[in-house]
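A.B. asks: First the structure, which I've put down as structure tokens, then a few questions once you've had a look.
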Amino acid sequence: MKIIVHNDKCQGHARCWAMAPNIFELDDEGYIKPGDIDVAEADEKLAWKGAKSCPERALEIGK
Amino acid sequence: METFAARPIPAHVPPDMVGDFSLFSSPGMQPTPNGDPQAAAAVVHQGPRIFYSPVNTRDGRGTWVITRAQDQRKVLQDPETFSSHRSIFASALGESWPMIPLELDPPDHGKFRSLLNPLLSPKRVMALESAVRERAIFLIDRIAAAGTSCHVMEDFAFPFAVNIFLRFLGLSDDRLDEFVRWANALLHGDNVQRPAAARTIIGFIDELSAERRRRPVDDFMSFLVQSKIDDRPLTDMEIRGTGVLLFIAGLDTVAAAIGFDLNYLARHMDDQQLLRSDPSRIVLAAEELLRAYPTVQMIRVATRDIDFEGAPIRRGDYVSCATMIANRDPLEFPHPERIDLAREDNRHTAFAYGPHRCLGSHLARREIVVGLEEWLKRIPPFRIKQGTAPVTFGGHVFGIENLVLDWS
Ligand code: HEM
Ligand code: SF4
């Protein structure tokens, strides 16, 4: 599974990071780091929850 | 509450788009014993997705009201069309400097956010946690030792939130009561009290920044006077605009959230018991309480004519995105009227959507969670004290007063 990160929409709510700090990494200002995220199979459920928790809809669940 | 001569409804607003809901005057918005203003505001979901409210700001102006969360997201994520540049604070004084970053638009907005974000980032807040917890424990132990009832706002919520906040700003809390009075007058006072409080706060911030320029120490104001934007130091007006905003933004928002949360738990013993028996649920529960009891109405100004979901918004019109309205949108939250402390996928807007997302949100969340954790740990099952009634009110920033809890 892949998480497609729309950095232009990220506003630093850090809800994804609160759900799964190891999957969603933040920069020093607290916004998500650029680049899509490849998710290991074992982490899929958590990553899905993290992506769904973004108030800005900045995280899209890809295939 | 004051009354204003109603302004005429602008000619471009179609009469059938005028609604009679107002966050200031509708049922439940005036000070109400045992009220629930957030639930009362949810009546708008029985109506259209956008309508015009003729009197919906503190100074009696009309606004468009956006009811759906998805539409609010669209407005708040588009600062080019829906600007924050209003200088509300200064214009009440006949001046025109912006509060920063609140009343700036991109790209300037982003420069100030980049400067300030690291100071209140999730990681920085983790480092503040032990001080937050220590303060909560100190205050709650004092309450527990003093008896079996307390005034939550005066004895806990305000001194807690304001102390943390003053610590962040680098101020000691011997003037805490005075600061709370200023903030109250500013946010909830009348037409005379508000500008007076504004001038007092400006004077205080100007003096503090001058002092920190002379003798910098390790605190927020010293940081600000030594900072640079675009390779130049901040101007005096920028320092004032930032200092004033930081001073008022954290003063009573966190306290109001804690007040509404404890009010809810005092009336719902089953949920109170649930959190007592399993404190690990508090983090998620706090999100649901932020969804159900948010306090801020955001206002934007249209920078151009735009037809928005059938509404002819014209340049200069005010557009209201009330967090309590979006957070009760049935299209965004299944059964929004139901408070479910285990709710997941809780993408509420208590801290806004878009670039103005609350700078203090990570700190505020920590304070609320730690406050609830320590309260439930140290205070036995509590209810609203018999013969008393908390008073809630709507308006620009919702609040609760006279919240007396009892555990005798
Ligand atoms: C539960 C408590 C709080 C709530 C519900 C809250 C809510 C909000 C909301 C809705 C906004 C957006 C306003 C707009 O866009 O017009 C905002 C902005 C802001 N808040 Fe908070 N806030 C809280 C606590 C705090 C605290 C503790 C601080 C300071 C440490 C703070 C500092 C700010 C600042 C500086 C902004 C302006 C951000 C910008 O314009 O980029 N807030 N807050
Ligand atoms: S939850 Fe969304 S807005 Fe927040 S940091 Fe993650 S991606 Fe960004």
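Numbering starts fresh at 1 for the residues of each chain in the structure tokens, the chains themselves are lettered A, B, ... in the order given, and ligands are numbered from 1 as they appear.
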Report the closest atom pair, with its distance in Å rounded to one decimal, for each residue of chain A that has an atom no farther than 8 Å from chain B; count only C-alpha atoms, sort by chain and then rising residue number, and write it as a Markdown table.

C.D. replies:
```
| residue | atom | partner | partner_atom | distance |
| --- | --- | --- | --- | --- |
| A:Lys9 | CA | B:Gly354 | CA | 7.6 |
| A:Gln11 | CA | B:Pro355 | CA | 5.7 |
| A:Gly12 | CA | B:Arg357 | CA | 7.6 |
| A:His13 | CA | B:Arg357 | CA | 7.2 |
| A:Ala14 | CA | B:Pro122 | CA | 7.3 |
| A:Asp28 | CA | B:Pro118 | CA | 6.0 |
| A:Glu29 | CA | B:Pro118 | CA | 4.6 |
| A:Gly30 | CA | B:Ser121 | CA | 5.2 |
| A:Lys49 | CA | B:Asp345 | CA | 7.4 |
| A:Lys52 | CA | B:Asp345 | CA | 5.9 |
| A:Ser53 | CA | B:Asp345 | CA | 5.2 |
| A:Cys54 | CA | B:Arg347 | CA | 6.3 |
| A:Pro55 | CA | B:Arg347 | CA | 4.5 |
| A:Glu56 | CA | B:Tyr353 | CA | 6.3 |
```

A.B. asks: What would the file look like if the residues just selected were written as an mmCIF file, in the first residue's frame with all heavy atoms?

C.D. replies:
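The result, stored in part-v3.cif:
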```cif
data_model
loop_
_atom_site.group_PDB
_atom_site.id
_atom_site.type_symbol
_atom_site.label_atom_id
_atom_site.label_comp_id
_atom_site.auth_asym_id
_atom_site.auth_seq_id
_atom_site.Cartn_x
_atom_site.Cartn_y
_atom_site.Cartn_z
ATOM 1 N N LYS A 9 -1.419 20.614 0.795
ATOM 2 C CA LYS A 9 -2.608 20.664 1.657
ATOM 3 C C LYS A 9 -2.271 20.488 3.136
ATOM 4 O O LYS A 9 -3.099 20.757 3.999
ATOM 5 C CB LYS A 9 -3.587 19.560 1.247
ATOM 6 C CG LYS A 9 -4.356 19.910 0.000
ATOM 7 C CD LYS A 9 -5.659 19.152 -0.016
ATOM 8 C CE LYS A 9 -6.540 19.650 -1.140
ATOM 9 N NZ LYS A 9 -7.532 18.640 -1.510
ATOM 10 N N GLN A 11 -1.317 21.075 6.740
ATOM 11 C CA GLN A 11 -1.258 22.285 7.569
ATOM 12 C C GLN A 11 -0.703 21.994 8.957
ATOM 13 O O GLN A 11 -0.883 22.775 9.887
ATOM 14 C CB GLN A 11 -2.647 22.930 7.689
ATOM 15 C CG GLN A 11 -3.298 23.277 6.368
ATOM 16 C CD GLN A 11 -2.559 24.366 5.593
ATOM 17 O OE1 GLN A 11 -1.576 24.944 6.073
ATOM 18 N NE2 GLN A 11 -3.022 24.641 4.376
ATOM 19 N N GLY A 12 -0.090 20.844 9.100
ATOM 20 C CA GLY A 12 0.582 20.561 10.361
ATOM 21 C C GLY A 12 -0.330 20.225 11.529
ATOM 22 O O GLY A 12 0.003 20.512 12.673
ATOM 23 N N HIS A 13 -1.472 19.623 11.275
ATOM 24 C CA HIS A 13 -2.311 19.180 12.390
ATOM 25 C C HIS A 13 -1.637 18.049 13.175
ATOM 26 O O HIS A 13 -1.965 17.820 14.334
ATOM 27 C CB HIS A 13 -3.667 18.661 11.895
ATOM 28 C CG HIS A 13 -4.582 19.716 11.357
ATOM 29 N ND1 HIS A 13 -5.581 20.281 12.113
ATOM 30 C CD2 HIS A 13 -4.642 20.310 10.147
ATOM 31 C CE1 HIS A 13 -6.240 21.172 11.368
ATOM 32 N NE2 HIS A 13 -5.689 21.209 10.174
ATOM 33 N N ALA A 14 -0.789 17.289 12.486
ATOM 34 C CA ALA A 14 -0.047 16.181 13.112
ATOM 35 C C ALA A 14 -0.947 15.061 13.621
ATOM 36 O O ALA A 14 -0.564 14.309 14.512
ATOM 37 C CB ALA A 14 0.860 16.692 14.239
ATOM 38 N N ASP A 28 10.720 19.849 11.245
ATOM 39 C CA ASP A 28 10.886 20.575 12.509
ATOM 40 C C ASP A 28 9.755 21.553 12.793
ATOM 41 O O ASP A 28 9.533 21.950 13.932
ATOM 42 C CB ASP A 28 12.219 21.339 12.513
ATOM 43 C CG ASP A 28 13.388 20.370 12.642
ATOM 44 O OD1 ASP A 28 13.144 19.216 13.056
ATOM 45 O OD2 ASP A 28 14.529 20.760 12.323
ATOM 46 N N GLU A 29 9.058 21.953 11.747
ATOM 47 C CA GLU A 29 7.917 22.843 11.972
ATOM 48 C C GLU A 29 6.658 22.062 12.317
ATOM 49 O O GLU A 29 5.633 22.638 12.670
ATOM 50 C CB GLU A 29 7.646 23.685 10.715
ATOM 51 C CG GLU A 29 8.665 24.770 10.488
ATOM 52 C CD GLU A 29 8.225 25.706 9.375
ATOM 53 O OE1 GLU A 29 7.013 25.983 9.273
ATOM 54 O OE2 GLU A 29 9.082 26.136 8.594
ATOM 55 N N GLY A 30 6.706 20.739 12.114
ATOM 56 C CA GLY A 30 5.540 19.927 12.450
ATOM 57 C C GLY A 30 4.659 19.587 11.259
ATOM 58 O O GLY A 30 3.512 19.185 11.432
ATOM 59 N N LYS A 49 -5.541 4.236 9.088
ATOM 60 C CA LYS A 49 -6.154 5.074 10.124
ATOM 61 C C LYS A 49 -5.504 6.456 10.172
ATOM 62 O O LYS A 49 -6.186 7.471 10.321
ATOM 63 C CB LYS A 49 -5.961 4.429 11.503
ATOM 64 C CG LYS A 49 -7.001 3.383 11.861
ATOM 65 C CD LYS A 49 -6.656 2.804 13.206
ATOM 66 C CE LYS A 49 -7.858 2.645 14.100
ATOM 67 N NZ LYS A 49 -7.494 2.202 15.452
ATOM 68 N N LYS A 52 -6.681 8.547 7.294
ATOM 69 C CA LYS A 52 -8.073 8.958 7.478
ATOM 70 C C LYS A 52 -8.221 10.036 8.544
ATOM 71 O O LYS A 52 -9.264 10.668 8.648
ATOM 72 C CB LYS A 52 -8.934 7.753 7.881
ATOM 73 C CG LYS A 52 -9.092 6.720 6.813
ATOM 74 C CD LYS A 52 -9.989 7.216 5.710
ATOM 75 C CE LYS A 52 -11.420 6.783 5.951
ATOM 76 N NZ LYS A 52 -12.271 7.133 4.812
ATOM 77 N N SER A 53 -7.205 10.213 9.370
ATOM 78 C CA SER A 53 -7.343 11.161 10.469
ATOM 79 C C SER A 53 -6.963 12.587 10.046
ATOM 80 O O SER A 53 -7.071 13.509 10.840
ATOM 81 C CB SER A 53 -6.487 10.723 11.657
ATOM 82 O OG SER A 53 -5.121 10.870 11.329
ATOM 83 N N CYS A 54 -6.526 12.764 8.809
ATOM 84 C CA CYS A 54 -6.051 14.099 8.391
ATOM 85 C C CYS A 54 -7.228 15.041 8.117
ATOM 86 O O CYS A 54 -7.998 14.822 7.187
ATOM 87 C CB CYS A 54 -5.184 13.991 7.148
ATOM 88 S SG CYS A 54 -4.729 15.618 6.493
ATOM 89 N N PRO A 55 -7.362 16.119 8.908
ATOM 90 C CA PRO A 55 -8.501 17.032 8.726
ATOM 91 C C PRO A 55 -8.489 17.733 7.369
ATOM 92 O O PRO A 55 -9.520 18.146 6.871
ATOM 93 C CB PRO A 55 -8.335 18.053 9.848
ATOM 94 C CG PRO A 55 -7.376 17.457 10.808
ATOM 95 C CD PRO A 55 -6.507 16.527 10.020
ATOM 96 N N GLU A 56 -7.304 17.891 6.782
ATOM 97 C CA GLU A 56 -7.208 18.619 5.510
ATOM 98 C C GLU A 56 -7.386 17.702 4.304
ATOM 99 O O GLU A 56 -7.366 18.171 3.169
ATOM 100 C CB GLU A 56 -5.839 19.311 5.399
ATOM 101 C CG GLU A 56 -5.470 20.197 6.579
ATOM 102 C CD GLU A 56 -6.253 21.497 6.628
ATOM 103 O OE1 GLU A 56 -6.904 21.851 5.634
ATOM 104 O OE2 GLU A 56 -6.227 22.149 7.687
#
```

A.B. asks: Just asking: which residues within chain A are alpha helix (DSSP H) according to DSSP, as a VMD selection string?

C.D. replies: chain A and resid 15 to 19 44 to 52

A.B. asks: Let's have the selection written as an mmCIF file, in the first residue's frame, with N, CA and C atoms.

C.D. replies:
```cif
data_model
loop_
_atom_site.group_PDB
_atom_site.id
_atom_site.type_symbol
_atom_site.label_atom_id
_atom_site.label_comp_id
_atom_site.auth_asym_id
_atom_site.auth_seq_id
_atom_site.Cartn_x
_atom_site.Cartn_y
_atom_site.Cartn_z
ATOM 1 N N ARG A 15 -2.113 14.929 13.068
ATOM 2 C CA ARG A 15 -2.994 13.835 13.492
ATOM 3 C C ARG A 15 -2.470 12.504 12.964
ATOM 4 N N CYS A 16 -1.919 12.515 11.758
ATOM 5 C CA CYS A 16 -1.344 11.293 11.191
ATOM 6 C C CYS A 16 -0.202 10.805 12.074
ATOM 7 N N TRP A 17 0.643 11.716 12.467
ATOM 8 C CA TRP A 17 1.807 11.401 13.300
ATOM 9 C C TRP A 17 1.363 10.906 14.683
ATOM 10 N N ALA A 18 0.293 11.512 15.203
ATOM 11 C CA ALA A 18 -0.199 11.076 16.512
ATOM 12 C C ALA A 18 -0.668 9.624 16.434
ATOM 13 N N MET A 19 -1.203 9.249 15.298
ATOM 14 C CA MET A 19 -1.707 7.889 15.117
ATOM 15 C C MET A 19 -0.559 6.911 14.876
ATOM 16 N N GLU A 44 -0.343 -1.700 7.448
ATOM 17 C CA GLU A 44 -1.376 -1.130 6.593
ATOM 18 C C GLU A 44 -2.564 -0.555 7.346
ATOM 19 N N LYS A 45 -2.995 -1.280 8.369
ATOM 20 C CA LYS A 45 -4.181 -0.834 9.086
ATOM 21 C C LYS A 45 -3.923 0.523 9.768
ATOM 22 N N LEU A 46 -2.756 0.590 10.408
ATOM 23 C CA LEU A 46 -2.384 1.805 11.124
ATOM 24 C C LEU A 46 -2.229 2.977 10.149
ATOM 25 N N ALA A 47 -1.584 2.707 9.028
ATOM 26 C CA ALA A 47 -1.370 3.755 8.021
ATOM 27 C C ALA A 47 -2.705 4.247 7.485
ATOM 28 N N TRP A 48 -3.614 3.340 7.309
ATOM 29 C CA TRP A 48 -4.942 3.694 6.824
ATOM 30 C C TRP A 48 -5.642 4.615 7.816
ATOM 31 N N LYS A 49 -5.541 4.236 9.088
ATOM 32 C CA LYS A 49 -6.154 5.074 10.124
ATOM 33 C C LYS A 49 -5.504 6.456 10.172
ATOM 34 N N GLY A 50 -4.199 6.483 10.056
ATOM 35 C CA GLY A 50 -3.478 7.754 10.079
ATOM 36 C C GLY A 50 -3.910 8.647 8.927
ATOM 37 N N ALA A 51 -4.005 8.059 7.746
ATOM 38 C CA ALA A 51 -4.395 8.836 6.567
ATOM 39 C C ALA A 51 -5.816 9.360 6.726
ATOM 40 N N LYS A 52 -6.681 8.547 7.294
ATOM 41 C CA LYS A 52 -8.073 8.958 7.478
ATOM 42 C C LYS A 52 -8.221 10.036 8.544
#
```

A.B. asks: Near region 43-48 of chain B, counting only C-alpha atoms, which residues have an atom at most 10 Å away, once you skip same-chain residues fewer than 2 positions from it, shown as a list in words?

C.D. replies: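 Listing them by chain and then by number gives Met17, Gly19, Asp20, Phe21, Ser22, Gln38, Ala39, Ala40, Ala41, Ile50, Phe51, Val65, Ile66, Thr67, Arg68, Ile325, Ala326, Arg328, Asp329, Pro330 and Leu331 of chain B.
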
A.B. asks: As a PyMOL selection string, please: the residues near Ile299 (chain B) (cut-off 7 Å, only C-alpha atoms, same-chain neighbours under 3 positions excluded).

C.D. replies: chain B and resi 318-321

A.B. asks: Check which residues fall inside 8 Å of ligand 1 when counting only C-alpha atoms and all ligand atoms, and print them as an NGL selection string.

C.D. replies: :B and (76 or 84 or 100-104 or 109-110 or 113 or 120 or 161 or 165 or 168 or 242 or 245-247 or 249-258 or 290 or 294-300 or 323 or 349-361 or 363-365 or 368)

A.B. asks: Report the distance between CA of Pro27 (chain B) and CA of His151 (chain B) in Å, rounded to one decimal place.

C.D. replies: 26.1 Å

A.B. asks: Which value, in Å to one decimal, gives the distance between CA of Pro54 (chain B) and CA of Ser96 (chain B)?

C.D. replies: 25.1 Å

A.B. asks: Write out as a list in words the residues lying within 8 Å of region 180-196 of chain B, counting only C-alpha atoms and excluding same-chain residues fewer than 2 positions away.

C.D. replies: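 In the requested format, the answer is Met1, Glu2, Ala92, Leu93, Phe158, Val162, Leu176, Asp177, Glu178, Ala198, Arg199, Thr200, Ile201, Ile248, Leu251, Asp252 and Val397 of chain B.
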
A.B. asks: Please produce a file of those selected residues containing all heavy atoms, as a CSV table (one decimal), in the first residue's frame.

C.D. replies:
```csv
chain,number,residue,atom,x,y,z
B,1,MET,N,-26.0,41.6,26.5
B,1,MET,CA,-25.3,41.8,25.2
B,1,MET,C,-25.8,43.1,24.5
B,1,MET,O,-27.0,43.5,24.7
B,1,MET,CB,-25.6,40.6,24.3
B,1,MET,CG,-24.7,40.5,23.1
B,1,MET,SD,-24.4,38.9,22.6
B,1,MET,CE,-23.5,38.1,24.0
B,2,GLU,N,-24.9,43.7,23.8
B,2,GLU,CA,-25.3,45.0,23.1
B,2,GLU,C,-26.3,44.8,22.0
B,2,GLU,O,-26.3,43.7,21.4
B,2,GLU,CB,-24.1,45.7,22.6
B,2,GLU,CG,-23.0,45.7,23.6
B,2,GLU,CD,-21.7,45.4,22.9
B,2,GLU,OE1,-21.2,46.2,22.1
B,2,GLU,OE2,-21.1,44.3,23.2
B,92,ALA,N,-10.9,48.4,15.7
B,92,ALA,CA,-11.7,48.8,16.8
B,92,ALA,C,-11.1,50.0,17.4
B,92,ALA,O,-11.8,50.8,18.2
B,92,ALA,CB,-11.9,47.7,17.8
B,93,LEU,N,-9.8,50.3,17.2
B,93,LEU,CA,-9.1,51.4,17.8
B,93,LEU,C,-8.8,52.5,16.8
B,93,LEU,O,-8.1,53.4,17.1
B,93,LEU,CB,-7.8,50.9,18.4
B,93,LEU,CG,-7.9,49.8,19.4
B,93,LEU,CD1,-6.5,49.3,19.8
B,93,LEU,CD2,-8.6,50.2,20.7
B,158,PHE,N,-8.8,28.4,34.5
B,158,PHE,CA,-8.1,29.6,34.1
B,158,PHE,C,-6.6,29.6,34.7
B,158,PHE,O,-5.7,29.8,33.9
B,158,PHE,CB,-8.8,30.9,34.6
B,158,PHE,CG,-9.8,31.3,33.5
B,158,PHE,CD1,-11.1,31.4,33.8
B,158,PHE,CD2,-9.3,31.7,32.3
B,158,PHE,CE1,-12.0,31.8,32.9
B,158,PHE,CE2,-10.3,32.2,31.3
B,158,PHE,CZ,-11.6,32.2,31.6
B,162,VAL,N,-3.7,29.6,31.9
B,162,VAL,CA,-3.0,30.9,31.9
B,162,VAL,C,-1.5,30.7,32.4
B,162,VAL,O,-0.6,31.3,31.8
B,162,VAL,CB,-3.7,32.0,32.6
B,162,VAL,CG1,-3.0,33.3,32.6
B,162,VAL,CG2,-5.1,32.2,32.0
B,176,LEU,N,-1.4,37.1,37.0
B,176,LEU,CA,-2.3,36.2,36.3
B,176,LEU,C,-3.8,36.7,36.4
B,176,LEU,O,-4.5,36.8,35.3
B,176,LEU,CB,-2.2,34.8,36.9
B,176,LEU,CG,-3.0,33.7,36.3
B,176,LEU,CD1,-2.1,32.4,36.4
B,176,LEU,CD2,-4.3,33.4,37.0
B,177,ASP,N,-4.3,37.1,37.5
B,177,ASP,CA,-5.7,37.6,37.6
B,177,ASP,C,-5.9,38.8,36.8
B,177,ASP,O,-7.0,38.9,36.1
B,177,ASP,CB,-6.0,37.9,39.1
B,177,ASP,CG,-6.0,36.7,40.0
B,177,ASP,OD1,-6.1,35.6,39.4
B,177,ASP,OD2,-5.9,36.8,41.2
B,178,GLU,N,-5.0,39.7,36.8
B,178,GLU,CA,-5.1,40.9,36.0
B,178,GLU,C,-5.2,40.5,34.5
B,178,GLU,O,-6.0,41.0,33.7
B,178,GLU,CB,-3.8,41.7,36.2
B,178,GLU,CG,-3.9,43.1,35.8
B,178,GLU,CD,-2.6,43.9,36.2
B,178,GLU,OE1,-1.7,43.3,36.8
B,178,GLU,OE2,-2.5,45.0,35.7
B,198,ALA,N,-8.1,46.4,24.9
B,198,ALA,CA,-7.1,46.3,23.8
B,198,ALA,C,-6.0,47.2,24.0
B,198,ALA,O,-4.8,46.8,23.8
B,198,ALA,CB,-7.8,46.6,22.5
B,199,ARG,N,-6.3,48.5,24.4
B,199,ARG,CA,-5.2,49.4,24.6
B,199,ARG,C,-4.3,49.0,25.8
B,199,ARG,O,-3.0,49.1,25.7
B,199,ARG,CB,-5.7,50.8,24.9
B,199,ARG,CG,-6.3,51.5,23.7
B,199,ARG,CD,-6.6,52.9,23.9
B,199,ARG,NE,-7.5,53.4,22.9
B,199,ARG,CZ,-7.1,53.6,21.6
B,199,ARG,NH1,-5.9,53.4,21.3
B,199,ARG,NH2,-8.0,54.0,20.7
B,200,THR,N,-4.9,48.4,26.8
B,200,THR,CA,-4.1,48.0,27.9
B,200,THR,C,-3.1,46.9,27.5
B,200,THR,O,-1.9,46.9,27.8
B,200,THR,CB,-5.0,47.4,29.0
B,200,THR,OG1,-6.0,48.4,29.3
B,200,THR,CG2,-4.2,47.1,30.3
B,201,ILE,N,-3.6,45.9,26.7
B,201,ILE,CA,-2.8,44.8,26.3
B,201,ILE,C,-1.7,45.3,25.3
B,201,ILE,O,-0.5,44.9,25.4
B,201,ILE,CB,-3.7,43.7,25.6
B,201,ILE,CG1,-4.6,43.1,26.6
B,201,ILE,CG2,-2.8,42.6,24.9
B,201,ILE,CD1,-5.7,42.2,26.1
B,248,ILE,N,-3.5,36.8,23.6
B,248,ILE,CA,-4.9,36.6,23.8
B,248,ILE,C,-5.3,35.2,23.3
B,248,ILE,O,-6.3,34.7,23.8
B,248,ILE,CB,-5.8,37.7,23.1
B,248,ILE,CG1,-5.5,37.8,21.6
B,248,ILE,CG2,-5.6,39.0,23.8
B,248,ILE,CD1,-6.2,39.0,21.0
B,251,LEU,N,-5.2,32.5,26.1
B,251,LEU,CA,-5.7,32.9,27.4
B,251,LEU,C,-7.0,32.2,27.8
B,251,LEU,O,-7.1,31.7,28.9
B,251,LEU,CB,-5.9,34.4,27.6
B,251,LEU,CG,-4.7,35.2,28.1
B,251,LEU,CD1,-5.0,36.7,28.2
B,251,LEU,CD2,-4.2,34.6,29.4
B,252,ASP,N,-8.0,32.3,27.0
B,252,ASP,CA,-9.2,31.6,27.5
B,252,ASP,C,-9.7,30.5,26.7
B,252,ASP,O,-10.7,29.8,27.0
B,252,ASP,CB,-10.2,32.7,27.9
B,252,ASP,CG,-11.2,33.1,26.7
B,252,ASP,OD1,-10.8,32.8,25.6
B,252,ASP,OD2,-12.2,33.6,27.0
B,397,VAL,N,-16.6,33.9,20.5
B,397,VAL,CA,-15.9,32.8,21.1
B,397,VAL,C,-16.9,32.3,22.2
B,397,VAL,O,-17.2,33.0,23.1
B,397,VAL,CB,-14.6,33.2,21.8
B,397,VAL,CG1,-13.9,32.1,22.4
B,397,VAL,CG2,-13.7,33.9,20.7
```

A.B. asks: Could you please determine the separation between CA of Ile379 (chain B) and CA of Asn402 (chain B) in Å, to one decimal place?

C.D. replies: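 Rounded to one decimal, the two atoms are 18.7 Å apart.
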
A.B. asks: Pick the closest to Gly395 (chain B) from B:Ala322, B:Met29, B:Ala292, B:Ile164: which is it, counting only C-alpha atoms?

C.D. replies: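 Distance minimum relative to Gly395 (chain B) lands on B:Met29.
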
A.B. asks: Can you tell me which residues surround Asp406 (chain B) at a distance of at most 10 Å, considering only C-alpha atoms, apart from same-chain residues fewer than 2 positions away, and format the answer as a count of residues only?

C.D. replies: 16

A.B. asks: Which residues are close to Ile3 (chain A), i.e. within 10 Å by only C-alpha atoms, leaving aside same-chain residues fewer than 4 positions away? Reply as a list in words.

C.D. replies: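 That gives Ile23, Phe24, Gly35, Asp36, Ile37, Asp38, Val39, Glu44, Ala47, Trp48, Gly50, Ala51, Ala58, Leu59, Glu60, Ile61, Gly62 and Lys63 of chain A.
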
A.B. asks: Using DSSP on the backbone coordinates, identify all residues within region 4-50 of chain A classified as strand (DSSP E or B); present the result as JSON, numbers by chain.

C.D. replies: {"A": [4, 5, 26, 32, 37, 38]}

A.B. asks: Selected residues, all heavy atoms, written as a PDB file, in the first residue's frame, please.

C.D. replies:
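Once everything was written out, this is part.pdb:
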```
ATOM      1  N   ILE A   4      -0.278   8.595  -0.695  1.00  0.00           N
ATOM      2  CA  ILE A   4       0.128   9.717  -1.530  1.00  0.00           C
ATOM      3  C   ILE A   4      -0.013  10.994  -0.702  1.00  0.00           C
ATOM      4  O   ILE A   4      -1.085  11.298  -0.176  1.00  0.00           O
ATOM      5  CB  ILE A   4      -0.740   9.785  -2.805  1.00  0.00           C
ATOM      6  CG1 ILE A   4      -0.573   8.466  -3.578  1.00  0.00           C
ATOM      7  CG2 ILE A   4      -0.346  10.980  -3.670  1.00  0.00           C
ATOM      8  CD1 ILE A   4      -1.696   8.179  -4.544  1.00  0.00           C
ATOM      9  N   VAL A   5       1.098  11.711  -0.568  1.00  0.00           N
ATOM     10  CA  VAL A   5       1.140  12.882   0.307  1.00  0.00           C
ATOM     11  C   VAL A   5       0.970  14.156  -0.521  1.00  0.00           C
ATOM     12  O   VAL A   5       1.755  14.420  -1.423  1.00  0.00           O
ATOM     13  CB  VAL A   5       2.488  12.934   1.062  1.00  0.00           C
ATOM     14  CG1 VAL A   5       2.582  14.196   1.900  1.00  0.00           C
ATOM     15  CG2 VAL A   5       2.651  11.698   1.937  1.00  0.00           C
ATOM     16  N   LEU A  26       7.337  13.985  10.581  1.00  0.00           N
ATOM     17  CA  LEU A  26       7.131  15.429  10.481  1.00  0.00           C
ATOM     18  C   LEU A  26       8.474  16.158  10.426  1.00  0.00           C
ATOM     19  O   LEU A  26       9.477  15.674  10.959  1.00  0.00           O
ATOM     20  CB  LEU A  26       6.350  15.931  11.696  1.00  0.00           C
ATOM     21  CG  LEU A  26       5.006  15.259  11.981  1.00  0.00           C
ATOM     22  CD1 LEU A  26       4.335  15.939  13.176  1.00  0.00           C
ATOM     23  CD2 LEU A  26       4.083  15.310  10.767  1.00  0.00           C
ATOM     24  N   ILE A  32       4.182  17.413   7.488  1.00  0.00           N
ATOM     25  CA  ILE A  32       4.630  16.102   7.010  1.00  0.00           C
ATOM     26  C   ILE A  32       5.761  16.263   5.994  1.00  0.00           C
ATOM     27  O   ILE A  32       5.769  17.187   5.190  1.00  0.00           O
ATOM     28  CB  ILE A  32       3.450  15.289   6.425  1.00  0.00           C
ATOM     29  CG1 ILE A  32       3.839  13.824   6.275  1.00  0.00           C
ATOM     30  CG2 ILE A  32       2.967  15.865   5.089  1.00  0.00           C
ATOM     31  CD1 ILE A  32       2.682  12.873   6.394  1.00  0.00           C
ATOM     32  N   ILE A  37       4.530   7.651   0.691  1.00  0.00           N
ATOM     33  CA  ILE A  37       5.001   6.718   1.712  1.00  0.00           C
ATOM     34  C   ILE A  37       4.645   5.287   1.313  1.00  0.00           C
ATOM     35  O   ILE A  37       3.472   4.973   1.078  1.00  0.00           O
ATOM     36  CB  ILE A  37       4.356   7.057   3.081  1.00  0.00           C
ATOM     37  CG1 ILE A  37       4.677   8.498   3.472  1.00  0.00           C
ATOM     38  CG2 ILE A  37       4.807   6.074   4.144  1.00  0.00           C
ATOM     39  CD1 ILE A  37       3.843   9.024   4.626  1.00  0.00           C
ATOM     40  N   ASP A  38       5.671   4.446   1.228  1.00  0.00           N
ATOM     41  CA  ASP A  38       5.423   3.017   0.997  1.00  0.00           C
ATOM     42  C   ASP A  38       5.175   2.357   2.335  1.00  0.00           C
ATOM     43  O   ASP A  38       5.987   2.476   3.251  1.00  0.00           O
ATOM     44  CB  ASP A  38       6.642   2.369   0.335  1.00  0.00           C
ATOM     45  CG  ASP A  38       6.677   2.684  -1.155  1.00  0.00           C
ATOM     46  OD1 ASP A  38       5.621   2.542  -1.797  1.00  0.00           O
ATOM     47  OD2 ASP A  38       7.742   3.102  -1.653  1.00  0.00           O
TER      48      ASP A  38
END
```

A.B. asks: Could you check which of A:Glu41, A:Ala20, A:Tyr31, A:Asp8 is closest to ligand 2, using only C-alpha atoms and all ligand atoms?

C.D. replies: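 Closest to ligand 2 of all the choices is A:Tyr31.
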
A.B. asks: Of the candidates A:Pro21, A:Asp27, A:Cys10, A:Met1, which shows the shortest atom-to-atom distance to ligand 2, using only C-alpha atoms and all ligand atoms?

C.D. replies: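 The answer is A:Cys10, which sits nearest to ligand 2.
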